[in-house]
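Colleague: I'd like to ask you about the structure that follows.
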Amino acid sequence: DGGITQSPKYLFRKEGQNVTLSCEQNLNHDAMYWYRQDPGQGLRLIYYSQIVNDFQKGDIAEGYSVSREKKESFPLTVTSAQKNPTAFYLCASTGIGNTIYFGEGSWLTVV
Amino acid sequence: AQRVTQPEKLLSVFKGAPVELKCNYSYSGSPELFWYVQYSRQRLQLLLRHISRESIKGFTADLNKGETSFHLKKPFAQEEDSAMYYCALRDGSSGGSNYKLTFGKGTLLTVNP
């Protein structure tokens with residue numbers, strides 16, 4: 001069953017902690033993305049990666065970090081430097097033909 | 001810089017009425033435009049892209065480079081069209097090597113019975 005899997009679906013974080021959201025795809029896609037979705041803000045690009053071992057900052061990268069050690073995986077770390085981390089996070093990937101496929105998302109709440 | 005503007009946060013129409021969701025963009029290069037849809041409790045999914053020039057679920061969208069617009073239209077709205085719609089832009093030059101995809105803030109369409 002091909003697709004994009006994000007985990008966990010729900011995550012609670014204490015202030016001052018770093019947390020990592022997982023994103024795995026078995027679609028053999030080259031490019032992967034992380035978006036943040038807030039009410040009234042739409043989707044805002046955090047980071048994206050076009051190939052393994054390379055990634056670029058999106059529009060709101062501050063307080064986040066990523067890695068792309070494997071083609072299938074693009075984890076996002078929300079660091080303690082992110083001032084307003086409570087949000088819905090979406091991972092996506094795209095390959096030939098450039099149709100972008102989205103994961104089901106992860107809800108992060110800071111308590 | 002890439003920018004996508006969807007001026008309407010909310011749009012409400014009655015079943016059978018025409019619907020138009022507006023999208024304007026700002027980009028100096030050669031853009032590719034897309035519409036994505038998110039139905040309640042479902043993943044975001046591609047609805048259509050301008051290079052395909054196709055009609056999906058009765059929706060069409062024409063890229064107007066003069067007006068920098070890519071409005072989504074449907075002549076007769078159905079209740080099942082109720083969803084959040086996002087317009088998105090990608091750099092269409094360089095053989096598709098630029099993967100940065102920028103989204104608008106979205107329009108929530110409600111089709112009333």
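In the structure tokens, chains take the letters A, B, ... in the order shown, each chain's residues start at 1, and ligands count up from 1 in the order shown.
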Quick one: pick out all strand (DSSP E) residues within segment 45-109 of chain B from a backbone DSSP run and write them as a PyMOL selection string.

Modeller: chain B and resi 45-49+60-61+72-74+83-91+101-103+107-109

Colleague: Distance limit 8 Å, atoms considered: only C-alpha atoms. Which chain B residues sit that close to chain A? Return them as a count of residues only.

Modeller: 16

Colleague: Report the distance between atom CA of Pro113 of chain B and atom CA of Lys15 of chain B in Å, rounded to one decimal place.

Modeller: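 Calculated distance between atom CA of Pro113 of chain B and atom CA of Lys15 of chain B is 5.3 Å.
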
Colleague: Between atom CA of Ala83 of chain B and atom CA of Tyr89 of chain A, what is the spacing in Å?

Modeller: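 Computed distance, atom CA of Tyr89 of chain A to atom CA of Ala83 of chain B, equals 19.0 Å.
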
Colleague: Residues near Cys23 of chain B, anyone? I mean within 10 Å using only C-alpha atoms, not counting same-chain ones fewer than 2 positions away, as a list in words.

Modeller: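 In the requested format, the answer is Val4, Thr5, Gln6, Pro7, Glu8, Glu20, Leu21, Tyr25, Leu33, Trp35, Ala61, Leu63, Thr68, Ser69, Phe70, His71, Leu72, Tyr86, Cys87, Ala88, Gly104, Gly106 and Thr107 of chain B.
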